[in-house]
>>> print(open('entry_37.cif').read())   # mmCIF, N, CA and C atoms
data_query
#
loop_
_atom_site.group_PDB
_atom_site.id
_atom_site.type_symbol
_atom_site.label_atom_id
_atom_site.label_comp_id
_atom_site.auth_asym_id
_atom_site.auth_seq_id
_atom_site.Cartn_x
_atom_site.Cartn_y
_atom_site.Cartn_z
ATOM 1 N N MET A 199 30.519 32.784 -30.518
ATOM 2 C CA MET A 199 29.537 32.314 -29.566
ATOM 3 C C MET A 199 29.504 30.793 -29.482
ATOM 4 N N ALA A 200 29.865 30.130 -30.511
ATOM 5 C CA ALA A 200 29.775 28.674 -30.532
ATOM 6 C C ALA A 200 30.620 28.040 -29.443
ATOM 7 N N GLY A 201 31.679 28.701 -29.023
ATOM 8 C CA GLY A 201 32.535 28.159 -27.983
ATOM 9 C C GLY A 201 31.899 28.184 -26.603
ATOM 10 N N ASN A 202 30.854 28.996 -26.401
ATOM 11 C CA ASN A 202 30.189 29.114 -25.107
ATOM 12 C C ASN A 202 28.982 28.190 -24.970
ATOM 13 N N VAL A 203 28.655 27.433 -25.992
ATOM 14 C CA VAL A 203 27.483 26.555 -25.963
ATOM 15 C C VAL A 203 27.825 25.291 -25.190
ATOM 16 N N LYS A 204 26.999 24.990 -24.227
ATOM 17 C CA LYS A 204 27.203 23.786 -23.414
ATOM 18 C C LYS A 204 26.305 22.678 -23.951
ATOM 19 N N VAL A 205 26.865 21.541 -24.224
ATOM 20 C CA VAL A 205 26.097 20.391 -24.705
ATOM 21 C C VAL A 205 25.499 19.686 -23.489
ATOM 22 N N VAL A 206 24.190 19.515 -23.512
ATOM 23 C CA VAL A 206 23.494 18.861 -22.407
ATOM 24 C C VAL A 206 23.132 17.445 -22.830
ATOM 25 N N LYS A 207 23.555 16.497 -22.044
ATOM 26 C CA LYS A 207 23.228 15.090 -22.309
ATOM 27 C C LYS A 207 21.783 14.827 -21.906
ATOM 28 N N GLU A 208 21.026 14.172 -22.756
ATOM 29 C CA GLU A 208 19.636 13.820 -22.442
ATOM 30 C C GLU A 208 19.620 12.791 -21.319
ATOM 31 N N PRO A 209 18.716 12.952 -20.337
ATOM 32 C CA PRO A 209 18.616 11.947 -19.268
ATOM 33 C C PRO A 209 18.202 10.592 -19.831
ATOM 34 N N ARG A 210 18.760 9.552 -19.285
ATOM 35 C CA ARG A 210 18.431 8.194 -19.740
ATOM 36 C C ARG A 210 17.474 7.486 -18.798
ATOM 37 N N GLY A 211 17.399 7.904 -17.574
ATOM 38 C CA GLY A 211 16.520 7.287 -16.593
ATOM 39 C C GLY A 211 16.293 8.241 -15.447
ATOM 40 N N TRP A 212 15.489 7.840 -14.493
ATOM 41 C CA TRP A 212 15.157 8.746 -13.388
ATOM 42 C C TRP A 212 16.375 9.132 -12.563
ATOM 43 N N LYS A 213 17.365 8.269 -12.497
ATOM 44 C CA LYS A 213 18.563 8.575 -11.722
ATOM 45 C C LYS A 213 19.407 9.670 -12.384
ATOM 46 N N ASP A 214 19.217 9.889 -13.688
ATOM 47 C CA ASP A 214 19.962 10.909 -14.412
ATOM 48 C C ASP A 214 19.317 12.288 -14.331
ATOM 49 N N LEU A 215 18.094 12.377 -13.802
ATOM 50 C CA LEU A 215 17.418 13.665 -13.712
ATOM 51 C C LEU A 215 18.016 14.506 -12.593
ATOM 52 N N PRO A 216 18.032 15.812 -12.771
ATOM 53 C CA PRO A 216 18.502 16.673 -11.679
ATOM 54 C C PRO A 216 17.613 16.503 -10.456
ATOM 55 N N LEU A 217 18.164 16.612 -9.283
ATOM 56 C CA LEU A 217 17.441 16.386 -8.042
ATOM 57 C C LEU A 217 16.188 17.244 -7.925
ATOM 58 N N ALA A 218 16.204 18.448 -8.416
ATOM 59 C CA ALA A 218 15.060 19.351 -8.288
ATOM 60 C C ALA A 218 13.826 18.843 -9.015
ATOM 61 N N THR A 219 13.966 17.924 -9.954
ATOM 62 C CA THR A 219 12.807 17.420 -10.684
ATOM 63 C C THR A 219 12.149 16.238 -9.995
ATOM 64 N N LEU A 220 12.732 15.737 -8.950
ATOM 65 C CA LEU A 220 12.178 14.591 -8.251
ATOM 66 C C LEU A 220 11.423 15.051 -7.009
ATOM 67 N N PRO A 221 10.238 14.470 -6.751
ATOM 68 C CA PRO A 221 9.522 14.851 -5.531
ATOM 69 C C PRO A 221 10.281 14.360 -4.307
ATOM 70 N N TYR A 222 10.296 15.178 -3.290
ATOM 71 C CA TYR A 222 11.012 14.777 -2.082
ATOM 72 C C TYR A 222 10.051 14.447 -0.945
ATOM 73 N N ARG A 223 8.755 14.536 -1.196
ATOM 74 C CA ARG A 223 7.761 14.200 -0.180
ATOM 75 C C ARG A 223 6.812 13.152 -0.745
ATOM 76 N N LEU A 224 6.125 12.486 0.140
ATOM 77 C CA LEU A 224 5.137 11.499 -0.277
ATOM 78 C C LEU A 224 3.924 12.191 -0.880
ATOM 79 N N SER A 225 3.309 11.557 -1.857
ATOM 80 C CA SER A 225 2.142 12.168 -2.497
ATOM 81 C C SER A 225 0.951 12.256 -1.548
ATOM 82 N N ILE A 226 0.945 11.485 -0.464
ATOM 83 C CA ILE A 226 -0.179 11.569 0.472
ATOM 84 C C ILE A 226 -0.172 12.877 1.246
ATOM 85 N N GLU A 227 0.922 13.619 1.157
ATOM 86 C CA GLU A 227 0.986 14.915 1.813
ATOM 87 C C GLU A 227 0.301 16.005 0.999
ATOM 88 N N TYR A 228 -0.031 15.718 -0.253
ATOM 89 C CA TYR A 228 -0.627 16.711 -1.132
ATOM 90 C C TYR A 228 -2.024 16.264 -1.538
ATOM 91 N N LYS A 229 -3.030 16.898 -1.010
ATOM 92 C CA LYS A 229 -4.403 16.583 -1.398
ATOM 93 C C LYS A 229 -4.676 17.291 -2.717
ATOM 94 N N THR A 230 -4.763 16.493 -3.770
ATOM 95 C CA THR A 230 -4.806 17.048 -5.120
ATOM 96 C C THR A 230 -6.160 16.895 -5.795
ATOM 97 N N GLY A 231 -7.162 16.481 -5.062
ATOM 98 C CA GLY A 231 -8.464 16.256 -5.682
ATOM 99 C C GLY A 231 -9.302 17.502 -5.856
ATOM 100 N N GLY A 232 -8.867 18.630 -5.338
ATOM 101 C CA GLY A 232 -9.677 19.832 -5.364
ATOM 102 C C GLY A 232 -9.852 20.487 -6.712
ATOM 103 N N TRP A 233 -9.066 20.128 -7.699
ATOM 104 C CA TRP A 233 -9.156 20.802 -8.988
ATOM 105 C C TRP A 233 -9.915 20.021 -10.049
ATOM 106 N N ARG A 234 -10.459 18.871 -9.712
ATOM 107 C CA ARG A 234 -11.125 18.053 -10.743
ATOM 108 C C ARG A 234 -12.449 18.689 -11.163
ATOM 109 N N ALA A 235 -12.875 18.406 -12.386
ATOM 110 C CA ALA A 235 -14.152 18.886 -12.918
ATOM 111 C C ALA A 235 -15.234 17.822 -12.775
ATOM 112 N N LEU A 236 -14.837 16.552 -12.842
ATOM 113 C CA LEU A 236 -15.770 15.428 -12.708
ATOM 114 C C LEU A 236 -15.312 14.546 -11.564
ATOM 115 N N ARG A 237 -16.276 13.905 -10.914
ATOM 116 C CA ARG A 237 -15.915 12.970 -9.844
ATOM 117 C C ARG A 237 -16.667 11.660 -10.059
ATOM 118 N N PRO A 238 -16.052 10.540 -9.690
ATOM 119 C CA PRO A 238 -16.725 9.251 -9.834
ATOM 120 C C PRO A 238 -17.707 9.020 -8.691
ATOM 121 N N VAL A 239 -18.880 8.531 -9.039
ATOM 122 C CA VAL A 239 -19.890 8.167 -8.045
ATOM 123 C C VAL A 239 -20.259 6.709 -8.302
ATOM 124 N N ILE A 240 -20.189 5.912 -7.256
ATOM 125 C CA ILE A 240 -20.434 4.471 -7.385
ATOM 126 C C ILE A 240 -21.889 4.160 -7.095
ATOM 127 N N ASP A 241 -22.511 3.383 -7.980
ATOM 128 C CA ASP A 241 -23.850 2.851 -7.754
ATOM 129 C C ASP A 241 -23.662 1.464 -7.131
ATOM 130 N N TYR A 242 -23.816 1.389 -5.822
ATOM 131 C CA TYR A 242 -23.533 0.135 -5.114
ATOM 132 C C TYR A 242 -24.515 -0.985 -5.461
ATOM 133 N N LYS A 243 -25.663 -0.658 -6.034
ATOM 134 C CA LYS A 243 -26.604 -1.695 -6.473
ATOM 135 C C LYS A 243 -26.065 -2.425 -7.704
ATOM 136 N N LYS A 244 -25.257 -1.744 -8.511
ATOM 137 C CA LYS A 244 -24.668 -2.349 -9.706
ATOM 138 C C LYS A 244 -23.305 -2.975 -9.451
ATOM 139 N N CYS A 245 -22.588 -2.472 -8.459
ATOM 140 C CA CYS A 245 -21.203 -2.893 -8.206
ATOM 141 C C CYS A 245 -21.132 -4.385 -7.884
ATOM 142 N N VAL A 246 -20.233 -5.088 -8.584
ATOM 143 C CA VAL A 246 -20.046 -6.527 -8.367
ATOM 144 C C VAL A 246 -18.748 -6.824 -7.597
ATOM 145 N N ARG A 247 -18.096 -5.774 -7.104
ATOM 146 C CA ARG A 247 -16.882 -5.888 -6.298
ATOM 147 C C ARG A 247 -15.752 -6.632 -7.018
ATOM 148 N N CYS A 248 -15.591 -6.332 -8.299
ATOM 149 C CA CYS A 248 -14.512 -6.960 -9.065
ATOM 150 C C CYS A 248 -13.165 -6.309 -8.784
ATOM 151 N N LEU A 249 -13.183 -5.095 -8.241
ATOM 152 C CA LEU A 249 -12.010 -4.319 -7.855
ATOM 153 C C LEU A 249 -11.152 -3.850 -9.034
ATOM 154 N N LEU A 250 -11.710 -3.868 -10.240
ATOM 155 C CA LEU A 250 -10.956 -3.339 -11.372
ATOM 156 C C LEU A 250 -10.735 -1.839 -11.225
ATOM 157 N N CYS A 251 -11.675 -1.134 -10.643
ATOM 158 C CA CYS A 251 -11.499 0.306 -10.401
ATOM 159 C C CYS A 251 -10.319 0.540 -9.471
ATOM 160 N N TRP A 252 -10.212 -0.270 -8.448
ATOM 161 C CA TRP A 252 -9.100 -0.185 -7.496
ATOM 162 C C TRP A 252 -7.774 -0.480 -8.190
ATOM 163 N N LEU A 253 -7.774 -1.502 -9.036
ATOM 164 C CA LEU A 253 -6.559 -1.920 -9.722
ATOM 165 C C LEU A 253 -6.050 -0.859 -10.690
ATOM 166 N N TYR A 254 -6.953 -0.227 -11.425
ATOM 167 C CA TYR A 254 -6.544 0.696 -12.478
ATOM 168 C C TYR A 254 -6.392 2.147 -12.031
ATOM 169 N N CYS A 255 -6.828 2.503 -10.857
ATOM 170 C CA CYS A 255 -6.739 3.899 -10.418
ATOM 171 C C CYS A 255 -5.270 4.331 -10.326
ATOM 172 N N PRO A 256 -4.852 5.321 -11.138
ATOM 173 C CA PRO A 256 -3.444 5.719 -11.111
ATOM 174 C C PRO A 256 -3.055 6.500 -9.861
ATOM 175 N N GLU A 257 -4.025 6.987 -9.117
ATOM 176 C CA GLU A 257 -3.736 7.775 -7.914
ATOM 177 C C GLU A 257 -3.963 6.993 -6.628
ATOM 178 N N MET A 258 -4.366 5.757 -6.732
ATOM 179 C CA MET A 258 -4.700 4.913 -5.583
ATOM 180 C C MET A 258 -5.743 5.591 -4.695
ATOM 181 N N ALA A 259 -6.705 6.243 -5.338
ATOM 182 C CA ALA A 259 -7.780 6.932 -4.622
ATOM 183 C C ALA A 259 -8.975 6.027 -4.399
ATOM 184 N N VAL A 260 -8.936 4.823 -4.948
ATOM 185 C CA VAL A 260 -10.015 3.851 -4.753
ATOM 186 C C VAL A 260 -9.564 2.889 -3.667
ATOM 187 N N HIS A 261 -10.396 2.715 -2.656
ATOM 188 C CA HIS A 261 -10.049 1.851 -1.529
ATOM 189 C C HIS A 261 -11.091 0.752 -1.351
ATOM 190 N N TRP A 262 -10.647 -0.389 -0.916
ATOM 191 C CA TRP A 262 -11.512 -1.527 -0.594
ATOM 192 C C TRP A 262 -11.605 -1.626 0.923
ATOM 193 N N THR A 263 -12.833 -1.549 1.445
ATOM 194 C CA THR A 263 -13.023 -1.596 2.898
ATOM 195 C C THR A 263 -13.178 -3.015 3.422
ATOM 196 N N GLY A 264 -13.273 -3.972 2.532
ATOM 197 C CA GLY A 264 -13.567 -5.346 2.920
ATOM 198 C C GLY A 264 -15.011 -5.683 2.608
ATOM 199 N N GLU A 265 -15.827 -4.657 2.450
ATOM 200 C CA GLU A 265 -17.236 -4.835 2.095
ATOM 201 C C GLU A 265 -17.607 -4.094 0.821
ATOM 202 N N LYS A 266 -16.968 -2.921 0.615
ATOM 203 C CA LYS A 266 -17.304 -2.139 -0.572
ATOM 204 C C LYS A 266 -16.115 -1.281 -0.989
ATOM 205 N N VAL A 267 -16.226 -0.745 -2.191
ATOM 206 C CA VAL A 267 -15.221 0.148 -2.741
ATOM 207 C C VAL A 267 -15.627 1.584 -2.395
ATOM 208 N N VAL A 268 -14.664 2.391 -1.968
ATOM 209 C CA VAL A 268 -14.928 3.801 -1.689
ATOM 210 C C VAL A 268 -13.874 4.655 -2.397
ATOM 211 N N ILE A 269 -14.255 5.871 -2.742
ATOM 212 C CA ILE A 269 -13.361 6.802 -3.417
ATOM 213 C C ILE A 269 -12.857 7.825 -2.401
ATOM 214 N N ASP A 270 -11.573 8.040 -2.366
ATOM 215 C CA ASP A 270 -10.989 9.085 -1.525
ATOM 216 C C ASP A 270 -10.909 10.354 -2.376
ATOM 217 N N TYR A 271 -11.888 11.227 -2.208
ATOM 218 C CA TYR A 271 -11.982 12.427 -3.038
ATOM 219 C C TYR A 271 -10.878 13.438 -2.748
ATOM 220 N N ASP A 272 -10.149 13.279 -1.668
ATOM 221 C CA ASP A 272 -9.021 14.164 -1.411
ATOM 222 C C ASP A 272 -7.912 13.971 -2.448
ATOM 223 N N PHE A 273 -7.848 12.776 -3.032
ATOM 224 C CA PHE A 273 -6.768 12.469 -3.968
ATOM 225 C C PHE A 273 -7.257 12.134 -5.373
ATOM 226 N N CYS A 274 -8.543 11.873 -5.546
ATOM 227 C CA CYS A 274 -9.098 11.558 -6.865
ATOM 228 C C CYS A 274 -9.012 12.793 -7.755
ATOM 229 N N LYS A 275 -8.461 12.619 -8.947
ATOM 230 C CA LYS A 275 -8.311 13.732 -9.878
ATOM 231 C C LYS A 275 -9.413 13.765 -10.938
ATOM 232 N N GLY A 276 -10.327 12.810 -10.883
ATOM 233 C CA GLY A 276 -11.446 12.804 -11.817
ATOM 234 C C GLY A 276 -11.088 12.367 -13.225
ATOM 235 N N CYS A 277 -10.085 11.538 -13.366
ATOM 236 C CA CYS A 277 -9.634 11.116 -14.695
ATOM 237 C C CYS A 277 -10.642 10.203 -15.391
ATOM 238 N N GLY A 278 -11.443 9.456 -14.629
ATOM 239 C CA GLY A 278 -12.463 8.599 -15.208
ATOM 240 C C GLY A 278 -12.006 7.203 -15.585
ATOM 241 N N ILE A 279 -10.768 6.856 -15.277
ATOM 242 C CA ILE A 279 -10.282 5.517 -15.608
ATOM 243 C C ILE A 279 -11.097 4.458 -14.877
ATOM 244 N N CYS A 280 -11.451 4.708 -13.635
ATOM 245 C CA CYS A 280 -12.245 3.740 -12.863
ATOM 246 C C CYS A 280 -13.585 3.483 -13.558
ATOM 247 N N ALA A 281 -14.237 4.537 -14.002
ATOM 248 C CA ALA A 281 -15.533 4.399 -14.680
ATOM 249 C C ALA A 281 -15.369 3.672 -16.011
ATOM 250 N N HIS A 282 -14.296 3.961 -16.711
ATOM 251 C CA HIS A 282 -14.054 3.318 -18.007
ATOM 252 C C HIS A 282 -13.803 1.818 -17.853
ATOM 253 N N GLU A 283 -13.090 1.448 -16.811
ATOM 254 C CA GLU A 283 -12.733 0.041 -16.610
ATOM 255 C C GLU A 283 -13.825 -0.787 -15.947
ATOM 256 N N CYS A 284 -14.808 -0.161 -15.351
ATOM 257 C CA CYS A 284 -15.870 -0.902 -14.665
ATOM 258 C C CYS A 284 -16.681 -1.712 -15.671
ATOM 259 N N PRO A 285 -16.696 -3.047 -15.541
ATOM 260 C CA PRO A 285 -17.379 -3.882 -16.527
ATOM 261 C C PRO A 285 -18.909 -3.792 -16.464
ATOM 262 N N VAL A 286 -19.449 -3.346 -15.336
ATOM 263 C CA VAL A 286 -20.909 -3.264 -15.202
ATOM 264 C C VAL A 286 -21.397 -1.814 -15.175
ATOM 265 N N LYS A 287 -20.491 -0.881 -15.447
ATOM 266 C CA LYS A 287 -20.819 0.557 -15.500
ATOM 267 C C LYS A 287 -21.478 1.030 -14.201
ATOM 268 N N ALA A 288 -20.896 0.614 -13.075
ATOM 269 C CA ALA A 288 -21.405 1.015 -11.759
ATOM 270 C C ALA A 288 -20.838 2.357 -11.312
ATOM 271 N N ILE A 289 -19.925 2.911 -12.080
ATOM 272 C CA ILE A 289 -19.314 4.193 -11.720
ATOM 273 C C ILE A 289 -19.670 5.218 -12.785
ATOM 274 N N ALA A 290 -20.287 6.291 -12.339
ATOM 275 C CA ALA A 290 -20.638 7.391 -13.242
ATOM 276 C C ALA A 290 -19.770 8.597 -12.910
ATOM 277 N N MET A 291 -19.337 9.292 -13.934
ATOM 278 C CA MET A 291 -18.581 10.530 -13.750
ATOM 279 C C MET A 291 -19.584 11.675 -13.796
ATOM 280 N N VAL A 292 -19.692 12.401 -12.690
ATOM 281 C CA VAL A 292 -20.661 13.484 -12.582
ATOM 282 C C VAL A 292 -19.917 14.800 -12.370
ATOM 283 N N PRO A 293 -20.517 15.911 -12.791
ATOM 284 C CA PRO A 293 -19.873 17.209 -12.544
ATOM 285 C C PRO A 293 -19.614 17.428 -11.062
ATOM 286 N N GLU A 294 -18.482 17.993 -10.765
ATOM 287 C CA GLU A 294 -18.074 18.201 -9.372
ATOM 288 C C GLU A 294 -19.101 18.993 -8.574
ATOM 289 N N SER A 295 -19.770 19.933 -9.212
ATOM 290 C CA SER A 295 -20.708 20.798 -8.487
ATOM 291 C C SER A 295 -22.034 20.122 -8.146
ATOM 292 N N SER A 296 -22.316 18.960 -8.762
ATOM 293 C CA SER A 296 -23.603 18.291 -8.498
ATOM 294 C C SER A 296 -23.505 17.381 -7.285
ATOM 295 N N GLU A 297 -24.647 17.099 -6.701
ATOM 296 C CA GLU A 297 -24.697 16.176 -5.562
ATOM 297 C C GLU A 297 -24.741 14.761 -6.086
ATOM 298 N N GLY A 298 -24.131 13.823 -5.366
ATOM 299 C CA GLY A 298 -24.113 12.457 -5.837
ATOM 300 C C GLY A 298 -23.950 11.573 -4.724
#
>>> encode(input="entry_37.cif", output="structure tokens")
Amino acid sequence: MAGNVKVVKEPRGWKDLPLATLPYRLSIEYKTGGWRALRPVIDYKKCVRCLLCWLYCPEMAVHWTGEKVVIDYDFCKGCGICAHECPVKAIAMVPESSEG
């Protein structure tokens, strides 16, 4: 049996991965926020518009309108990084089922 074993080289970078493992569509085509358990809610009275939430959001679900920060819940996964990075604690993570 040893003669039938194929040695697989470990991938070294993204270009070495098989094509099937790479996404072929833009992530904006997939609304992935529907499965989160917690969602960020911004208290605009506390927000100082530092944009750290926007900077650290791994899904780019935080948007700056020019006047305030808004969360795009279609893509927010509820990870809480925005709330963790907010220096004035203007973002609270609340259960998805609650109103906010």
>>> closest_residue(input="entry_37.cif", among="A:Lys275, A:His282, A:Lys287, A:Lys244", to="Gly231 of chain A", atoms="all atoms listed in the file")
A:Lys275
>>> residues_around(input="entry_37.cif", residues="Asp241 of chain A", least_positions_apart="3", cutoff="6.5 Å", atoms="all atoms listed in the file", output="PDB file with N, CA and C atoms, keeping the file's coordinate frame")
ATOM      1  N   LYS A 244     -25.257  -1.744  -8.511  1.00  0.00           N
ATOM      2  CA  LYS A 244     -24.668  -2.349  -9.706  1.00  0.00           C
ATOM      3  C   LYS A 244     -23.305  -2.975  -9.451  1.00  0.00           C
ATOM      4  N   CYS A 245     -22.588  -2.472  -8.459  1.00  0.00           N
ATOM      5  CA  CYS A 245     -21.203  -2.893  -8.206  1.00  0.00           C
ATOM      6  C   CYS A 245     -21.132  -4.385  -7.884  1.00  0.00           C
ATOM      7  N   ALA A 288     -20.896   0.614 -13.075  1.00  0.00           N
ATOM      8  CA  ALA A 288     -21.405   1.015 -11.759  1.00  0.00           C
ATOM      9  C   ALA A 288     -20.838   2.357 -11.312  1.00  0.00           C
ATOM     10  N   ILE A 289     -19.925   2.911 -12.080  1.00  0.00           N
ATOM     11  CA  ILE A 289     -19.314   4.193 -11.720  1.00  0.00           C
ATOM     12  C   ILE A 289     -19.670   5.218 -12.785  1.00  0.00           C
ATOM     13  N   ALA A 290     -20.287   6.291 -12.339  1.00  0.00           N
ATOM     14  CA  ALA A 290     -20.638   7.391 -13.242  1.00  0.00           C
ATOM     15  C   ALA A 290     -19.770   8.597 -12.910  1.00  0.00           C
TER      16      ALA A 290
END
>>> residues_around(input="entry_37.cif", residues="Thr230 of chain A", least_positions_apart="2", cutoff="10 Å", atoms="only C-alpha atoms", output="list of chain:residue names")
A:Ser225, A:Ile226, A:Glu227, A:Tyr228, A:Gly232, A:Trp233, A:Arg234, A:Glu257, A:Tyr271, A:Asp272, A:Phe273, A:Cys274, A:Lys275
>>> residues_around(input="entry_37.cif", residues="Leu250 of chain A", least_positions_apart="4", cutoff="7 Å", atoms="only N, CA and C atoms", output="ChimeraX atom specification")
/A:254-255,280,283-284
>>> write_last_selection(input="entry_37.cif", atoms="N, CA and C atoms", output="tab-separated table (two decimals), in the frame of the given file")
chain	number	residue	atom	x	y	z
A	254	TYR	N	-6.95	-0.23	-11.42
A	254	TYR	CA	-6.54	0.70	-12.48
A	254	TYR	C	-6.39	2.15	-12.03
A	255	CYS	N	-6.83	2.50	-10.86
A	255	CYS	CA	-6.74	3.90	-10.42
A	255	CYS	C	-5.27	4.33	-10.33
A	280	CYS	N	-11.45	4.71	-13.64
A	280	CYS	CA	-12.24	3.74	-12.86
A	280	CYS	C	-13.58	3.48	-13.56
A	283	GLU	N	-13.09	1.45	-16.81
A	283	GLU	CA	-12.73	0.04	-16.61
A	283	GLU	C	-13.82	-0.79	-15.95
A	284	CYS	N	-14.81	-0.16	-15.35
A	284	CYS	CA	-15.87	-0.90	-14.66
A	284	CYS	C	-16.68	-1.71	-15.67
>>> axis_aligned_box(input="entry_37.cif", around="segment 287-291 of chain A", padding_each_side="8 Å", output="JSON")
{"center_x": -20.0, "center_y": 5.4, "center_z": -13.4, "size_x": 18.9, "size_y": 28.6, "size_z": 20.2}
>>> atom_distance(input="entry_37.cif", atom1="atom CA of Glu294 of chain A", atom2="atom C of Lys266 of chain A")
21.3 Å
>>> closest_residue(input="entry_37.cif", among="A:Ala235, A:Ser295, A:His261, A:Lys229", to="Cys277 of chain A", atoms="only C-alpha atoms")
A:Ala235
>>> closest_residue(input="entry_37.cif", among="A:Arg237, A:Leu249, A:Trp262, A:Lys243", to="Gly276 of chain A", atoms="only N, CA and C atoms")
A:Arg237
>>> closest_residue(input="entry_37.cif", among="A:Met291, A:Ile279, A:Ala259, A:Glu265", to="Val246 of chain A", atoms="only C-alpha atoms")
A:Glu265
>>> atom_distance(input="entry_37.cif", atom1="atom CA of Pro285 of chain A", atom2="atom C of Leu236 of chain A")
19.2 Å
>>> atom_distance(input="entry_37.cif", atom1="atom CA of Val267 of chain A", atom2="atom CA of Trp252 of chain A")
7.8 Å
>>> residues_around(input="entry_37.cif", residues="Val260 of chain A", least_positions_apart="3", cutoff="5 Å", atoms="only N, CA and C atoms", output="ChimeraX atom specification")
/A:252,268-270
